[in-house]
>>> print(open('protein02.txt').read())   # compact mmCIF, C-alpha atoms
# COMPACT_ATOMS: atom_id res chain seq x y z
CA MET A 24 31.73 -15.27 21.61
CA LYS A 25 30.11 -12.74 23.92
CA TRP A 26 29.71 -10.27 21.03
CA THR A 27 28.22 -12.98 18.84
CA LEU A 28 25.58 -13.71 21.48
CA ILE A 29 24.83 -9.99 21.88
CA PHE A 30 24.52 -9.65 18.10
CA ILE A 31 22.16 -12.64 17.85
CA PHE A 32 20.06 -11.30 20.72
CA LEU A 33 19.81 -7.83 19.13
CA PHE A 34 19.01 -9.37 15.75
CA MET A 35 16.20 -11.44 17.26
CA ILE A 36 14.68 -8.39 18.96
CA THR A 37 14.88 -6.32 15.77
CA ARG A 38 13.43 -9.15 13.73
CA SER A 39 10.42 -9.57 16.00
CA VAL A 40 9.69 -5.82 16.02
CA ALA A 41 9.94 -5.69 12.23
CA ALA A 42 7.66 -8.69 11.93
CA MET A 43 5.03 -7.02 14.09
CA GLN A 44 5.11 -3.90 11.96
CA ILE A 45 4.92 -5.82 8.72
CA GLU A 46 2.04 -7.95 9.90
CA ALA A 47 -0.08 -4.81 10.19
CA ASP A 48 1.12 -3.37 6.90
CA PRO A 49 -1.17 -3.96 3.91
CA ARG A 50 1.68 -3.22 1.48
CA THR A 51 3.83 -6.21 2.38
CA ILE A 52 3.59 -9.92 3.07
CA SER A 53 6.58 -11.33 4.89
CA SER A 54 6.43 -15.06 4.37
CA PHE A 55 7.83 -17.80 6.57
CA MET A 56 10.74 -19.70 5.08
CA ASP A 57 9.91 -23.37 4.39
CA LYS A 58 13.04 -25.50 4.26
CA SER A 59 11.10 -28.50 3.01
CA LEU A 60 10.61 -26.73 -0.32
CA THR A 61 13.18 -26.29 -3.05
CA PRO A 62 14.41 -22.66 -3.01
CA ALA A 63 12.57 -21.63 -6.20
CA LEU A 64 9.24 -22.69 -4.69
CA ASP A 65 9.74 -20.99 -1.33
CA ILE A 66 8.20 -17.49 -1.25
CA LEU A 67 9.94 -15.11 1.15
CA GLN A 68 8.28 -11.79 0.56
CA VAL A 69 5.69 -9.90 -1.48
CA THR A 70 5.88 -6.12 -1.67
CA THR A 71 3.86 -3.44 -3.42
CA ASP A 72 4.92 -0.13 -4.85
CA ILE A 73 4.07 2.40 -7.53
CA SER A 74 6.21 2.09 -10.65
CA ALA A 75 7.82 5.05 -12.38
CA ASP A 76 5.11 4.89 -15.08
CA ASN A 77 2.33 5.05 -12.46
CA HIS A 78 1.33 1.38 -12.25
CA LEU A 79 0.71 -0.70 -9.15
CA LEU A 80 3.70 -2.99 -8.85
CA PHE A 81 3.93 -6.33 -7.01
CA ARG A 82 7.30 -7.92 -6.33
CA VAL A 83 7.36 -11.59 -5.34
CA LYS A 84 10.66 -12.83 -3.94
CA THR A 85 11.58 -16.50 -3.65
CA ARG A 86 14.57 -18.15 -1.98
CA GLY A 87 16.05 -19.36 -5.28
CA GLU A 88 15.50 -19.90 -8.97
CA GLN A 89 14.41 -22.75 -11.18
CA VAL A 90 16.25 -23.41 -14.42
CA ASN A 91 15.88 -26.18 -17.00
CA GLU A 92 13.27 -28.20 -15.20
CA GLU A 93 10.48 -29.52 -17.37
CA ASN A 94 7.37 -29.01 -15.31
CA ASN A 95 4.28 -26.88 -15.01
CA ASP A 96 5.40 -24.86 -12.00
CA TYR A 97 4.28 -21.26 -11.77
CA VAL A 98 4.63 -18.26 -9.51
CA LEU A 99 1.11 -16.93 -9.00
CA LEU A 100 -0.13 -13.55 -7.84
CA GLN A 101 -3.67 -13.68 -6.51
CA ILE A 102 -5.63 -10.42 -6.54
CA LEU A 103 -8.90 -10.32 -4.64
CA HIS A 104 -10.77 -7.39 -6.07
CA GLU A 105 -14.49 -7.99 -6.55
CA LYS A 106 -13.50 -11.31 -8.16
CA THR A 107 -10.45 -13.52 -7.87
CA TYR A 108 -7.77 -12.84 -10.47
CA LEU A 109 -4.76 -15.11 -10.91
CA PHE A 110 -1.62 -13.87 -12.67
CA LEU A 111 0.80 -16.67 -13.50
CA LEU A 112 4.34 -16.77 -14.78
CA PRO A 113 6.27 -20.02 -15.42
CA LEU A 114 8.94 -20.56 -12.77
CA ASN A 115 11.30 -22.21 -15.20
CA LYS A 116 13.55 -19.46 -16.50
CA THR A 117 14.02 -21.15 -19.84
CA LYS A 118 10.29 -21.05 -20.63
CA THR A 119 8.80 -18.06 -22.42
CA GLU A 120 8.05 -15.16 -20.20
CA LYS A 121 4.37 -15.09 -21.08
CA ALA A 122 1.95 -14.13 -18.37
CA LEU A 123 -1.29 -16.04 -18.02
CA VAL A 124 -4.29 -14.42 -16.37
CA TYR A 125 -7.41 -16.18 -15.13
CA GLU A 126 -10.46 -15.11 -13.22
CA GLY A 127 -12.93 -16.91 -11.04
CA THR A 128 -15.09 -16.72 -7.98
CA LEU A 129 -14.11 -18.20 -4.65
CA ASP A 130 -15.99 -18.68 -1.42
CA PRO A 131 -16.13 -15.15 0.09
CA GLU A 132 -15.06 -16.57 3.46
CA ASN A 133 -12.15 -18.59 2.13
CA HIS A 134 -9.91 -17.18 -0.56
CA LYS A 135 -7.14 -19.70 -0.06
CA LEU A 136 -6.23 -21.49 -3.28
CA SER A 137 -6.01 -25.26 -3.31
CA GLU A 138 -6.32 -28.24 -5.61
CA THR A 139 -10.07 -28.12 -4.97
CA SER A 140 -10.52 -24.46 -5.86
CA GLY A 141 -12.09 -25.46 -9.14
CA LYS A 142 -11.34 -24.15 -12.58
CA PHE A 143 -10.56 -20.59 -13.50
CA THR A 144 -11.32 -19.13 -16.88
CA GLU A 145 -8.96 -17.07 -18.99
CA TYR A 146 -9.18 -13.33 -18.48
CA ASN A 147 -8.57 -11.02 -21.42
CA LEU A 148 -5.57 -9.04 -20.37
CA PRO A 149 -6.21 -5.30 -20.64
CA ALA A 150 -3.30 -3.07 -21.66
CA GLY A 151 -0.91 -2.17 -18.90
CA PHE A 152 -0.68 -5.57 -17.20
CA THR A 153 2.83 -7.00 -17.29
CA ALA A 154 4.67 -9.89 -15.67
CA THR A 155 8.43 -10.27 -15.74
CA ARG A 156 10.91 -12.57 -14.07
CA THR A 157 13.45 -10.96 -11.77
CA VAL A 158 16.39 -12.35 -9.84
CA ARG A 159 14.78 -14.84 -7.44
CA GLY A 160 11.21 -13.93 -8.20
CA ALA A 161 8.82 -12.04 -10.41
CA GLU A 162 7.26 -8.63 -10.85
CA PHE A 163 3.67 -7.95 -11.86
CA THR A 164 2.29 -4.54 -12.80
CA ILE A 165 -1.35 -3.53 -12.85
CA PRO A 166 -2.70 -0.33 -14.39
CA LEU A 167 -4.21 1.98 -11.80
CA ASP A 168 -7.28 2.63 -13.94
CA TRP A 169 -8.22 -1.06 -13.65
CA ILE A 170 -8.84 -0.62 -9.93
CA ASN A 171 -12.17 0.20 -8.34
CA TYR A 172 -11.10 2.32 -5.38
CA ALA A 173 -14.28 1.82 -3.42
CA ALA A 174 -13.87 -1.97 -3.40
CA ASP A 175 -11.67 -4.17 -1.22
CA PHE A 176 -8.29 -5.05 -2.62
CA ASN A 177 -6.24 -7.89 -1.19
CA PHE A 178 -3.42 -9.96 -2.58
CA ASP A 179 -1.43 -13.10 -1.96
CA ALA A 180 1.22 -15.06 -3.84
CA TYR A 181 1.67 -18.77 -4.40
CA THR A 182 3.97 -21.22 -6.10
CA ILE A 183 1.87 -23.88 -7.77
CA GLN A 184 1.78 -26.66 -10.29
CA ALA A 185 -1.05 -26.14 -12.73
CA SER A 186 -2.46 -27.43 -15.98
CA THR A 187 -4.18 -25.40 -18.64
CA LEU A 188 -6.77 -26.73 -21.02
CA GLU A 189 -8.19 -24.45 -23.70
CA ASN A 190 -9.13 -21.38 -21.69
CA THR A 191 -9.29 -22.90 -18.21
CA LEU A 192 -6.76 -23.32 -15.43
CA GLN A 193 -6.72 -26.17 -12.96
CA ILE A 194 -4.45 -25.96 -9.91
CA ASP A 195 -2.86 -29.39 -9.46
CA LYS A 196 -0.64 -28.67 -6.47
CA VAL A 197 0.06 -25.75 -4.13
CA TYR A 198 3.68 -25.66 -2.99
CA ASP A 199 3.78 -22.43 -1.02
CA GLN A 200 1.55 -19.53 -0.10
CA ALA A 201 2.97 -16.17 1.02
CA ARG A 202 0.38 -15.85 3.80
CA LYS A 203 0.72 -19.49 4.86
CA GLY A 204 0.51 -19.89 8.62
CA ARG A 205 -0.94 -16.43 9.13
CA LYS A 206 -4.39 -15.70 10.44
CA GLU A 207 -7.00 -14.42 7.99
CA GLU A 208 -5.81 -11.06 6.74
CA LYS A 209 -7.73 -7.88 7.39
CA ARG A 210 -9.63 -6.59 4.34
CA TYR A 211 -8.46 -3.25 3.00
CA SER A 212 -10.01 -0.96 0.42
CA ALA A 213 -7.93 -0.16 -2.66
CA ILE A 214 -7.71 3.48 -1.55
CA THR A 215 -6.25 2.36 1.80
CA LEU A 216 -3.54 0.38 0.03
CA LEU A 217 -2.65 3.39 -2.13
CA ASN A 218 -2.74 5.66 0.90
CA LYS A 219 -0.24 3.37 2.65
CA ILE A 220 2.03 3.15 -0.39
CA CYS A 221 2.07 6.94 -0.65
CA SER A 222 2.74 7.55 3.00
CA PRO A 223 4.95 5.05 4.78
CA LYS A 224 5.85 7.41 7.61
CA LYS A 225 3.65 7.62 10.64
CA ARG A 226 3.51 9.55 13.85
CA MET B 13 30.39 -31.26 3.63
CA ILE B 14 30.88 -28.91 6.62
CA GLN B 15 31.92 -26.17 4.24
CA SER B 16 28.74 -26.70 2.24
CA ILE B 17 26.56 -26.49 5.38
CA LEU B 18 28.36 -23.32 6.51
CA GLN B 19 27.95 -21.81 3.07
CA ARG B 20 24.20 -22.57 3.11
CA LYS B 21 23.85 -21.05 6.59
CA TYR B 22 25.77 -17.97 5.44
CA SER B 23 23.45 -17.58 2.42
CA SER B 24 20.36 -17.88 4.62
CA THR B 25 21.72 -15.22 6.98
CA VAL B 26 22.44 -12.89 4.06
CA VAL B 27 18.90 -13.41 2.69
CA ALA B 28 17.39 -12.80 6.15
CA LEU B 29 19.45 -9.63 6.68
CA THR B 30 18.60 -8.37 3.20
CA LEU B 31 14.89 -8.82 3.86
CA LEU B 32 15.18 -7.20 7.29
CA PHE B 33 16.73 -4.07 5.89
CA THR B 34 14.68 -3.86 2.67
CA GLN B 35 11.54 -3.82 4.81
CA ALA B 36 12.81 -0.75 6.62
CA SER B 37 13.57 1.11 3.41
CA ILE B 38 10.10 1.30 1.84
CA GLU B 39 9.77 4.75 0.34
CA ALA B 40 6.93 7.11 -0.36
CA ALA B 41 5.36 7.41 -3.79
CA THR B 42 3.22 9.92 -5.61
CA VAL B 43 0.18 8.44 -7.33
CA ILE B 44 -1.45 10.30 -10.19
CA LEU B 45 -4.73 8.49 -10.64
CA PRO B 46 -5.43 7.86 -14.34
CA ARG B 47 -9.06 7.27 -13.43
CA PRO B 48 -9.92 9.92 -10.84
CA VAL B 49 -11.80 8.66 -7.80
CA PRO B 50 -15.17 10.44 -7.46
CA LEU B 51 -16.03 11.34 -3.89
CA LYS B 52 -19.49 10.77 -2.49
CA ALA B 53 -21.90 13.72 -2.37
CA GLU B 54 -21.67 13.73 1.45
CA THR B 55 -17.87 14.08 1.33
CA ILE B 56 -17.99 16.82 -1.31
CA SER B 57 -20.54 18.66 0.78
CA HIS B 58 -18.27 18.48 3.84
CA LEU B 59 -15.31 19.79 1.86
CA GLN B 60 -17.43 22.66 0.55
CA GLN B 61 -18.49 23.47 4.11
CA ALA B 62 -14.83 23.91 5.00
CA HIS B 63 -14.54 26.67 2.39
CA PRO B 64 -18.05 28.16 2.17
CA SER B 65 -16.99 31.33 0.36
CA GLU B 66 -15.05 29.49 -2.33
CA ASN B 67 -16.40 27.74 -5.38
CA LYS B 68 -14.84 25.47 -7.98
CA GLN B 69 -11.50 25.30 -6.26
CA TRP B 70 -8.92 22.53 -6.21
CA GLN B 71 -8.43 21.24 -2.69
CA LEU B 72 -5.64 19.62 -0.75
CA VAL B 73 -6.77 17.45 2.13
CA VAL B 74 -4.54 16.17 4.93
CA PHE B 75 -5.33 14.33 8.15
CA GLY B 76 -3.69 14.90 11.52
CA PHE B 77 -4.09 16.25 15.05
CA THR B 78 -3.02 19.51 16.61
CA ARG B 79 -0.95 17.96 19.41
CA CYS B 80 1.31 16.27 16.87
CA ARG B 81 4.69 17.88 17.41
CA ASP B 82 6.50 17.44 14.12
CA ILE B 83 4.78 15.55 11.29
CA CYS B 84 1.48 17.48 11.22
CA PRO B 85 3.11 20.94 11.49
CA MET B 86 5.43 19.94 8.65
CA SER B 87 2.47 18.72 6.56
CA LEU B 88 0.61 21.98 7.10
CA ALA B 89 3.67 24.11 6.39
CA ASN B 90 4.06 22.17 3.13
CA LEU B 91 0.37 22.63 2.39
CA SER B 92 0.78 26.37 2.81
CA MET B 93 3.80 26.31 0.50
CA LEU B 94 1.76 24.45 -2.15
CA ILE B 95 -1.16 26.88 -1.90
CA LYS B 96 1.27 29.73 -2.61
CA ALA B 97 2.96 27.77 -5.42
CA ALA B 98 -0.45 27.11 -7.02
CA ALA B 99 -1.42 30.79 -6.71
CA ASN B 100 1.76 31.72 -8.56
CA GLU B 101 0.53 29.58 -11.45
CA GLN B 102 -3.03 31.00 -11.30
CA ILE B 103 -4.39 27.69 -9.94
CA LYS B 104 -7.08 28.17 -7.31
CA LEU B 105 -6.19 25.86 -4.45
CA ASP B 106 -7.32 25.63 -0.82
CA GLY B 107 -6.20 23.35 1.97
CA THR B 108 -8.26 21.36 4.47
CA PHE B 109 -6.95 19.83 7.67
CA VAL B 110 -9.10 17.00 9.04
CA THR B 111 -8.56 16.14 12.68
CA VAL B 112 -8.36 12.47 13.57
CA ASP B 113 -8.42 13.39 17.28
CA PRO B 114 -11.70 15.29 17.89
CA ASP B 115 -11.60 14.51 21.63
CA ARG B 116 -8.70 16.93 22.11
CA ASP B 117 -9.08 19.13 19.02
CA SER B 118 -11.92 21.55 19.71
CA GLU B 119 -13.26 23.96 17.05
CA GLU B 120 -11.37 26.82 18.72
CA ILE B 121 -8.08 24.95 18.86
CA LEU B 122 -8.42 23.87 15.22
CA SER B 123 -9.30 27.35 14.05
CA SER B 124 -6.27 29.02 15.59
CA TYR B 125 -4.00 26.08 14.67
CA THR B 126 -4.84 26.11 10.95
CA LYS B 127 -4.81 29.93 10.73
CA SER B 128 -1.29 29.94 12.18
CA PHE B 129 -0.14 28.20 8.98
CA ASP B 130 -2.22 29.83 6.27
CA ALA B 131 -5.48 31.73 6.02
CA ASN B 132 -6.45 29.44 3.12
CA ILE B 133 -6.24 26.29 5.23
CA ALA B 134 -9.58 25.37 6.76
CA TYR B 135 -10.37 22.52 9.12
CA LEU B 136 -12.94 19.79 9.47
CA ARG B 137 -13.93 18.14 12.72
CA PHE B 138 -16.10 15.04 12.82
CA GLU B 139 -16.89 12.61 15.59
CA GLY B 140 -17.82 8.95 15.83
CA GLU B 141 -19.39 7.31 12.80
CA GLU B 142 -19.15 10.44 10.70
CA LEU B 143 -15.39 10.62 11.23
CA ALA B 144 -15.07 6.88 10.53
CA ARG B 145 -16.93 7.30 7.21
CA PHE B 146 -14.86 10.32 6.19
CA LYS B 147 -11.61 8.53 7.02
CA ALA B 148 -12.71 5.39 5.16
CA THR B 149 -13.38 7.43 2.02
CA PHE B 150 -9.70 8.36 1.97
CA GLY B 151 -8.42 5.03 3.32
CA VAL B 152 -7.07 6.71 6.45
CA GLU B 153 -6.36 4.55 9.47
CA THR B 154 -5.45 5.70 12.95
CA VAL B 155 -4.05 3.97 16.01
CA PHE B 156 -4.30 5.51 19.46
CA TYR B 157 -1.59 4.61 21.95
CA THR B 158 -2.29 4.58 25.70
CA LYS B 159 -5.65 6.32 25.28
CA ASN B 160 -8.00 5.00 27.93
CA VAL B 161 -10.53 6.13 30.51
CA GLY B 162 -7.73 7.17 32.87
CA ASN B 163 -5.74 8.91 30.18
CA MET B 164 -7.76 11.11 27.84
CA GLN B 165 -5.14 13.83 27.43
CA ASN B 166 -1.62 12.48 27.06
CA TYR B 167 -1.64 9.89 24.31
CA GLN B 168 -0.06 9.50 20.91
CA VAL B 169 -1.82 9.00 17.57
CA ASP B 170 -0.44 7.04 14.66
CA HIS B 171 -1.75 7.97 11.21
CA SER B 172 -0.68 8.17 7.61
CA THR B 173 0.80 11.35 6.15
CA SER B 174 -0.85 11.18 2.74
CA ALA B 175 -2.28 14.27 1.13
CA PHE B 176 -5.09 14.18 -1.43
CA LEU B 177 -5.39 16.59 -4.32
CA ILE B 178 -9.05 16.93 -5.26
CA ASP B 179 -10.29 18.62 -8.42
CA PRO B 180 -13.16 21.15 -8.48
CA SER B 181 -15.65 18.44 -9.47
CA GLY B 182 -14.86 16.45 -6.32
CA LYS B 183 -12.59 13.73 -7.67
CA ILE B 184 -9.33 12.57 -6.06
CA ARG B 185 -6.66 13.15 -8.71
CA VAL B 186 -3.35 12.72 -6.88
CA ILE B 187 -2.27 11.01 -3.66
CA PHE B 188 1.13 11.96 -2.31
CA ASP B 189 3.17 12.14 0.84
CA ALA B 190 2.69 15.51 2.51
CA LEU B 191 6.24 15.42 3.85
CA GLU B 192 8.29 14.07 0.99
CA ASP B 193 6.52 14.84 -2.27
CA THR B 194 5.52 18.49 -2.10
CA VAL B 195 8.33 19.49 -4.45
CA ASN B 196 6.91 17.08 -7.07
CA ILE B 197 3.46 18.61 -6.71
CA ALA B 198 4.80 22.17 -6.97
CA LYS B 199 6.58 21.04 -10.13
CA MET B 200 3.27 19.67 -11.45
CA PHE B 201 1.71 23.11 -10.95
CA ARG B 202 4.43 24.62 -13.12
CA GLU B 203 4.79 21.94 -15.77
CA LYS B 204 1.37 20.27 -16.11
CA ARG B 205 -0.90 23.22 -16.64
CA GLU B 206 -3.29 21.16 -18.78
CA PHE B 207 -3.86 18.77 -15.86
CA PHE B 208 -5.24 21.62 -13.78
CA LYS B 209 -7.53 22.79 -16.55
CA SER B 210 -9.22 19.39 -16.79
>>> encode(input="protein02.txt", output="structure tokens")
Amino acid sequence: MKWTLIFIFLFMITRSVAAMQIEADPRTISSFMDKSLTPALDILQVTTDISADNHLLFRVKTRGEQVNEENNDYVLLQILHEKTYLFLLPLNKTKTEKALVYEGTLDPENHKLSETSGKFTEYNLPAGFTATRTVRGAEFTIPLDWINYAADFNFDAYTIQASTLENTLQIDKVYDQARKGRKEEKRYSAITLLNKICSPKKR
Amino acid sequence: MIQSILQRKYSSTVVALTLLFTQASIEAATVILPRPVPLKAETISHLQQAHPSENKQWQLVVFGFTRCRDICPMSLANLSMLIKAAANEQIKLDGTFVTVDPDRDSEEILSSYTKSFDANIAYLRFEGEELARFKATFGVETVFYTKNVGNMQNYQVDHSTSAFLIDPSGKIRVIFDALEDTVNIAKMFREKREFFKS
């Protein structure tokens, strides 16, 4: 019993230290667990990396998976880079693994997606963009030559219900947001993000 | 019922522990930029000032401070190794060390510090807004611990360990970790000769 308490205490200390580090880290979003959501809709973490073929890679992790449910639920990666780009992949594992990409403009002071965010128009996907489902989540890759390194580059992830009509996207419901409950994130340039990905060690 | 609750709690703990430890295991990466990042004229001019006698050279740029006990000396030792590796492949390469701590790093200290690693490593020292602009160009961030009016000598500086390989026309071509990825870069010198002709 005593050891259990010591373990829990140590775990809590470690967890809070890790959380502080991650909060200041532009490469990662550590998301709060939301028990009111079904596991497939609950985002736990978003990480960035460079893939073996030199692409910027985003990994979105959820608490569970959705199979055989007929709905319009998607996992969505939001990239804020001069405009707002939305990369969507159906959550239902039985649906085709076809990525949808939309672009739009949001209020510069409020990038949070909601049912009132308006419509987004289809974005012609340049070569090198991919989206694939993974165990409990999804991976998105973006070619590095798509990025303007002098501009800000921020990202977030959502689980949403959405409807598509011709070449527009309408968000019908937001289930979860990776940065939910966090204060407005600091803006980073794309070069800062790459710098951090290349050099995780500090002194 | 109880078994189901326990099982759910066990799963949550496993997920939490997995996340805790995956966060700690983020690794470095080397980025070869398919679309090189052109530096501003001001930045190119500063880099040329660091090596006034050289022209049309490739450059390696790292950031640090001379009171750093382990990471910065390692970075500079690796930089020196890469300069020699490039020379072996007839690639003209110089190194530049940019201090993020100008309050303690004087010109004299920087000169003797960089020379102790390699005669081909120069230094750059900026202050205030000029340093902020130079750092921002490379996405470098720094955090000063316990630096205050009463303590201007014994403080620690937190900064990234990225190195930037810049081509002779002043474009960032590769970003890599100065501690972990030098072997990859030396291999590039040997195996990607065309890259260094571009």
>>> residues_around(input="protein02.txt", residues="B:Leu136", least_positions_apart="3", cutoff="12 Å", atoms="all atoms listed in the file", output="compact mmCIF listing (two decimals) with C-alpha atoms, in the coordinates of the input")
# COMPACT_ATOMS: atom_id res chain seq x y z
CA THR B 55 -17.87 14.08 1.33
CA SER B 57 -20.54 18.66 0.78
CA HIS B 58 -18.27 18.48 3.84
CA LEU B 59 -15.31 19.79 1.86
CA GLN B 60 -17.43 22.66 0.55
CA GLN B 61 -18.49 23.47 4.11
CA ALA B 62 -14.83 23.91 5.00
CA HIS B 63 -14.54 26.67 2.39
CA VAL B 73 -6.77 17.45 2.13
CA VAL B 74 -4.54 16.17 4.93
CA PHE B 75 -5.33 14.33 8.15
CA GLY B 76 -3.69 14.90 11.52
CA PHE B 77 -4.09 16.25 15.05
CA GLY B 107 -6.20 23.35 1.97
CA THR B 108 -8.26 21.36 4.47
CA PHE B 109 -6.95 19.83 7.67
CA VAL B 110 -9.10 17.00 9.04
CA THR B 111 -8.56 16.14 12.68
CA VAL B 112 -8.36 12.47 13.57
CA ASP B 113 -8.42 13.39 17.28
CA PRO B 114 -11.70 15.29 17.89
CA ASP B 117 -9.08 19.13 19.02
CA SER B 118 -11.92 21.55 19.71
CA GLU B 119 -13.26 23.96 17.05
CA GLU B 120 -11.37 26.82 18.72
CA ILE B 121 -8.08 24.95 18.86
CA LEU B 122 -8.42 23.87 15.22
CA SER B 123 -9.30 27.35 14.05
CA THR B 126 -4.84 26.11 10.95
CA ILE B 133 -6.24 26.29 5.23
CA GLU B 139 -16.89 12.61 15.59
CA GLU B 142 -19.15 10.44 10.70
CA LEU B 143 -15.39 10.62 11.23
CA PHE B 146 -14.86 10.32 6.19
CA LYS B 147 -11.61 8.53 7.02
>>> closest_atom_pairs(input="protein02.txt", of="chain B", to="chain A", cutoff="6 Å", atoms="all atoms listed in the file", output="JSON lines")
{"residue": "B:Ala40", "atom": "CA", "partner": "A:Cys221", "partner_atom": "CA", "distance": 4.9}
{"residue": "B:Ala41", "atom": "CA", "partner": "A:Cys221", "partner_atom": "CA", "distance": 4.6}
{"residue": "B:Thr42", "atom": "CA", "partner": "A:Cys221", "partner_atom": "CA", "distance": 5.9}
{"residue": "B:Pro46", "atom": "CA", "partner": "A:Asp168", "partner_atom": "CA", "distance": 5.6}
{"residue": "B:Arg47", "atom": "CA", "partner": "A:Asp168", "partner_atom": "CA", "distance": 5.0}
{"residue": "B:Gly151", "atom": "CA", "partner": "A:Thr215", "partner_atom": "CA", "distance": 3.8}
{"residue": "B:Asp170", "atom": "CA", "partner": "A:Arg226", "partner_atom": "CA", "distance": 4.7}
{"residue": "B:His171", "atom": "CA", "partner": "A:Lys225", "partner_atom": "CA", "distance": 5.4}
{"residue": "B:Ser172", "atom": "CA", "partner": "A:Lys225", "partner_atom": "CA", "distance": 5.3}
{"residue": "B:Thr173", "atom": "CA", "partner": "A:Ser222", "partner_atom": "CA", "distance": 5.3}
{"residue": "B:Ser174", "atom": "CA", "partner": "A:Ser222", "partner_atom": "CA", "distance": 5.1}
{"residue": "B:Phe188", "atom": "CA", "partner": "A:Cys221", "partner_atom": "CA", "distance": 5.4}
{"residue": "B:Asp189", "atom": "CA", "partner": "A:Ser222", "partner_atom": "CA", "distance": 5.1}
>>> residues_around(input="protein02.txt", residues="A:Ala63", least_positions_apart="4", cutoff="6 Å", atoms="all atoms listed in the file", output="VMD selection string")
chain A and resid 85 to 89
>>> residues_around(input="protein02.txt", residues="B:Gln71", least_positions_apart="2", cutoff="6 Å", atoms="all atoms listed in the file", output="compact mmCIF listing (two decimals) with C-alpha atoms, in the coordinates of the input")
# COMPACT_ATOMS: atom_id res chain seq x y z
CA LEU B 105 -6.19 25.86 -4.45
CA ASP B 106 -7.32 25.63 -0.82
CA GLY B 107 -6.20 23.35 1.97
CA LEU B 177 -5.39 16.59 -4.32
CA ILE B 178 -9.05 16.93 -5.26
>>> residues_near_point(input="protein02.txt", point="(-3.1, 24.9, 3.8)", cutoff="8 Å", atoms="all atoms listed in the file", output="list in words")
Leu72, Leu88, Ala89, Asn90, Leu91, Ser92, Met93, Leu94, Ile95, Asp106, Gly107, Thr108, Phe109, Thr126, Phe129, Asp130, Ala131, Asn132, Ile133 and Ala134 of chain B
>>> atom_distance(input="protein02.txt", atom1="atom CA of A:Ala201", atom2="atom CA of B:Thr149")
28.7 Å
>>> atom_distance(input="protein02.txt", atom1="atom CA of A:Leu99", atom2="atom CA of B:Val43")
25.4 Å
>>> decode(input="protein02.txt", residues="stretch 103-140 of chain A", atoms="C-alpha atoms", output="compact mmCIF listing (two decimals), in the first residue's frame")
# COMPACT_ATOMS: atom_id res chain seq x y z
CA LEU A 103 -2.61 27.60 -39.95
CA HIS A 104 -0.13 28.76 -42.51
CA GLU A 105 -1.05 32.02 -44.22
CA LYS A 106 -4.53 30.53 -44.66
CA THR A 107 -6.45 27.84 -42.83
CA TYR A 108 -6.09 24.37 -44.32
CA LEU A 109 -8.21 21.45 -43.15
CA PHE A 110 -7.11 17.86 -43.81
CA LEU A 111 -9.86 15.33 -43.11
CA LEU A 112 -9.97 11.58 -42.94
CA PRO A 113 -13.15 9.58 -42.16
CA LEU A 114 -13.02 8.12 -38.65
CA ASN A 115 -14.93 5.03 -39.65
CA LYS A 116 -12.33 2.43 -40.53
CA THR A 117 -14.58 0.75 -43.05
CA LYS A 118 -14.87 3.90 -45.18
CA THR A 119 -12.37 4.57 -47.94
CA GLU A 120 -9.15 6.08 -46.78
CA LYS A 121 -9.49 9.15 -48.96
CA ALA A 122 -8.19 12.40 -47.60
CA LEU A 123 -10.22 15.55 -48.11
CA VAL A 124 -8.52 18.93 -48.06
CA TYR A 125 -10.21 22.31 -47.76
CA GLU A 126 -9.00 25.85 -47.37
CA GLY A 127 -10.52 28.98 -45.96
CA THR A 128 -9.90 32.13 -44.03
CA LEU A 129 -10.68 32.51 -40.36
CA ASP A 130 -10.68 35.47 -38.04
CA PRO A 131 -6.94 36.13 -37.41
CA GLU A 132 -7.64 36.43 -33.68
CA ASN A 133 -9.68 33.26 -33.40
CA HIS A 134 -8.65 30.15 -35.29
CA LYS A 135 -10.85 27.81 -33.30
CA LEU A 136 -13.15 25.77 -35.53
CA SER A 137 -16.83 25.59 -34.74
CA GLU A 138 -20.20 25.04 -36.36
CA THR A 139 -20.21 28.75 -37.20
CA SER A 140 -16.82 28.80 -38.89
